[in-house]
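Peer 1: Okay, handing you the structure first.
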Protein chains: 2
Amino acid sequence: MSSMAIKKSSAPAATAARMPAAQRRDLILAAATELFAQRGYHGTTTDQIAQAAGISQPYVVRMFGTKEQLFLEVLDRALQTLFVAFRAALPDPGDGSKLTQRLGTAFVDLVGSVGLHRTLLHAFVSGNDPVIGAAARKGFVGIYTFLRDEAHFEPVDVQQFLGYGMLMSVLLGIELPSTFGTDADADELMNVAFGDKCGVVLAVAGPDAA
Amino acid sequence: MSSMAIKKSSAPAATAARMPAAQRRDLILAAATELFAQRGYHGTTTDQIAQAAGISQPYVVRMFGTKEQLFLEVLDRALQTLFVAFRAALPDPGDGSKLTQRLGTAFVDLVGSVGLHRTLLHAFVSGNDPVIGAAARKGFVGIYTFLRDEAHFEPVDVQQFLGYGMLMSVLLGIELPSTFGTDADADELMNVAFGDKCGVVLAVAGPDAA
DNA sequence: AATTGTTGTAATCGGATGATTACTAGACCG
DNA sequence: CGGTCTAGTAATCATCCGATTACAACAATT
């Protein structure tokens with residue numbers, strides 16, 4: 001009996017539960033997106049990503065070849081998600097909404113895709129890197145051509161829209177929402193920048209967002 | 001004779017030219033600003049900074065204690081430079097210029113302070129770091145309170161101004177100017193974002209800026 | 001049941017990196 | 001001159017990190 005006290009089920013799982021590679025891949029990409037968003041490319045280790053995905057570090061490297069390739073794939077997915085959300089906001093629903101408004105709302109609502117804005121921003125400050133920088137430039141120019149060719153924005157609207165988007169991303173990157181309630185000036189800035197969308201942001205990135 | 005072939009004068013200077021500590025400090029800070037701007041905090045090594053400043057790596061560390069302290073000082077100087085430039089643009093020179101225009105021009109012209117925009121941006125994506133993040137938040141909120149209390153901006157102007165500033169910084173961070181002339185869409189985006197200030201930016205960050 | 005491919009880990013390697021220690025050489029000063 | 005302070009380096013340490021290798025367990029197929 002006492003010899004049976006420890007069963008197989010209580011043995012520490014030295015190995016992770018088996019899972020189709022494609023599914024595991026998604027898990028890793030999700031974990032990597034969140035970590036890259038918080039700490040950037042150089043500040044994130046493949047081991048942190050592995051632990052967040054519940055597997056060992058060598059598996060992460062083998063699945064993506066290199067850390068750089070992993071980041072490129074994370075960046076690519078973030079851009080794809082962005083364009084899907086933007087294109088979904090293009091058609092006029094018939095209410096009196098303006099397209100600029102709809103696209104702006106779509107961008108803010110992407111806070112639901114955890115780490116998207118900040119990961120993009122980290123790519124956007126990596127222009128110096130020959131590989132990541134090139135991908136980032138291509139991505140940003142792609143956003144511009146979308147606004148010009150599909151949303152038919154005027155130059156002034158483009159400037160304003162991109163400016164608003166970058167401001168939002170920076171405020172997320174600086175983690176201003178997480179300090180909400182501790183500094184009146186900071187709270188005011190949040191309101192000035194996000195306006196009535198403040199609630200959405202605070203729900204995801206606020207102090208209570210575990 | 002052959003033993004005299006190598007004279008003292010041809011010996012490689014193993015040691016750097018002596019210089020007052022304060023002056024060397026400025027050299028290091030300048031080099032660090034440029035490197036942090038290009039590669040970010042985690043992507044820059046103290047050895048790279050040392051080489052750029054013409055001294056050895058341990059000297060950098062000893063002068064500032066830690067790499068983190070060095071970055072904080074770089075950030076502090078960048079913010080100081082920014083506020084000096086902003087305050088200089090406050091008084092109305094009597095021409096018909098608007099304050100928002102003058103501050104915007106002042107911000108763009110800071111491309112002359114090499115690495116300022118990008119270093120700030122790198123700090124602004126480091127919100128996750130307990131020390132650097134806190135300093136970055138404080139700096140950004142400081143910019144906001146300046147616009148509110150000293151420039152007397154309306155909330156709408158604040159949003160627009162900060163948005164424009166972040167867009168500019170991101171375009172510098174992505175190193176879009178350096179590719180000018182290779183992609184018509186990218187060039188167009190440059191024009192949309194920077195307008196008549198394009199020339200100033202290209203002069204400093206363009207393809208020919210060694 | 002034997003074979004084969006897939007999912008996963010343990011161990012380890014080699015290089016990079018921030019920091020520490022101990023030392024040297026030049027300037028300043030009485 | 002001799003002593004002391006300052007500006008600087010060489011050498012090295014401990015750690016981290018991405019990548020590689022070799023192997024184990026499980027599943028599927030025949």
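We label chains A, B, ... in the order they appear in the structure tokens, count residues from 1 in each chain, and number ligands from 1 in the order shown.
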Mind the document's chain letters and residue numbers, and return as a PyMOL selection string the residues of region 73-126 of chain A that DSSP labels helix (DSSP H, G or I).
Peer 2: chain A and resi 73-88+99-112+116-124
Peer 1: Considering only C-alpha atoms, give me a table of residues in chain A that are at most 6 Å from chain B, with the closest atom pair and distance in Å for each, as a tab-separated table.
Peer 2:
```
residue	atom	partner	partner_atom	distance
A:Gln38	CA	B:Asn128	CA	5.7
A:His42	CA	B:His42	CA	5.5
A:Gly43	CA	B:His42	CA	5.7
A:Phe124	CA	B:Ile174	CA	5.0
A:Val125	CA	B:Gly173	CA	4.3
A:Gly127	CA	B:Ile174	CA	3.9
A:Asn128	CA	B:Gln38	CA	5.7
A:Val141	CA	B:Ala186	CA	5.9
A:Pro155	CA	B:Val192	CA	5.7
A:Gln159	CA	B:Ala193	CA	5.7
A:Gly163	CA	B:Gly163	CA	4.0
A:Tyr164	CA	B:Gly163	CA	4.9
A:Met166	CA	B:Leu167	CA	5.7
A:Leu167	CA	B:Gly163	CA	4.9
A:Gly173	CA	B:Val125	CA	4.3
A:Ile174	CA	B:Gly127	CA	3.9
A:Glu175	CA	B:Gly127	CA	5.0
A:Ala186	CA	B:Val141	CA	5.9
A:Val192	CA	B:Pro155	CA	5.7
A:Ala193	CA	B:Gln159	CA	5.7
```
Peer 1: Record the distance separating CA of His117 (chain B) and CA of Ala205 (chain B), expressed in Å with one decimal.
Peer 2: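 Atom-to-atom, CA of His117 (chain B) to CA of Ala205 (chain B), that is 11.7 Å.
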Peer 1: Would you kindly report the residues of chain C within 8 Å of chain B, using only C-alpha atoms (C1' of nucleotides), as a list of chain:residue names?
Peer 2: C:DT17, C:DG18, C:DA19
Peer 1: Based on the selection just made, write C-alpha atoms (C1' of nucleotides) of those residues as a compact mmCIF listing (two decimals), in the first residue's frame.
Peer 2:
```txt
# COMPACT_ATOMS: atom_id res chain seq x y z
C1' DT C 17 29.05 40.47 -21.69
C1' DG C 18 28.88 43.31 -17.40
C1' DA C 19 31.56 43.73 -13.70
```
Peer 1: Any chance you could tabulate, as a Markdown table, the residues of chain B at most 10 Å from chain D with each one's nearest atom pair and distance in Å to one decimal, using only C-alpha atoms (C1' of nucleotides), in chain and rising number order?
Peer 2:
```
| residue | atom | partner | partner_atom | distance |
| --- | --- | --- | --- | --- |
| B:Ala14 | CA | D:DT9 | C1' | 7.7 |
| B:Thr15 | CA | D:DG8 | C1' | 6.6 |
| B:Ala16 | CA | D:DG8 | C1' | 7.2 |
| B:Ala17 | CA | D:DG8 | C1' | 8.9 |
| B:Arg18 | CA | D:DA7 | C1' | 6.2 |
| B:Met19 | CA | D:DA7 | C1' | 7.2 |
| B:Pro20 | CA | D:DA7 | C1' | 7.8 |
| B:Ala21 | CA | D:DA7 | C1' | 7.5 |
| B:Arg24 | CA | D:DA7 | C1' | 9.8 |
| B:Ile55 | CA | D:DG8 | C1' | 8.1 |
| B:Ser56 | CA | D:DT9 | C1' | 7.0 |
| B:Gln57 | CA | D:DT9 | C1' | 9.4 |
| B:Pro58 | CA | D:DT9 | C1' | 8.4 |
| B:Tyr59 | CA | D:DG8 | C1' | 7.4 |
```
Peer 1: Export C-alpha atoms of the chosen residues as a PDB file, in the first residue's frame?
Peer 2:
```pdb
ATOM      1  CA  ALA B  14      48.043  51.142 -25.706  1.00  0.00           C
ATOM      2  CA  THR B  15      46.526  53.893 -23.665  1.00  0.00           C
ATOM      3  CA  ALA B  16      44.176  56.703 -24.659  1.00  0.00           C
ATOM      4  CA  ALA B  17      45.186  60.335 -24.532  1.00  0.00           C
ATOM      5  CA  ARG B  18      44.649  61.722 -21.080  1.00  0.00           C
ATOM      6  CA  MET B  19      41.661  63.942 -20.617  1.00  0.00           C
ATOM      7  CA  PRO B  20      39.796  65.520 -17.670  1.00  0.00           C
ATOM      8  CA  ALA B  21      37.168  63.140 -16.342  1.00  0.00           C
ATOM      9  CA  ARG B  24      35.666  62.149 -21.043  1.00  0.00           C
ATOM     10  CA  ILE B  55      38.719  54.079 -24.162  1.00  0.00           C
ATOM     11  CA  SER B  56      38.575  50.674 -22.544  1.00  0.00           C
ATOM     12  CA  GLN B  57      35.415  48.924 -21.427  1.00  0.00           C
ATOM     13  CA  PRO B  58      36.171  48.831 -17.689  1.00  0.00           C
ATOM     14  CA  TYR B  59      36.590  52.586 -17.667  1.00  0.00           C
TER      15      TYR B  59
END
```
Peer 1: For each of A:Leu120, A:Val200, A:Ala22, A:Ala52, take the minimum atom-to-atom distance to DT7 (chain C), counting only C-alpha atoms (C1' of nucleotides), then give the residue where this is smallest.
Peer 2: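 The shortest atom-to-atom distance to DT7 (chain C) comes from A:Ala22.
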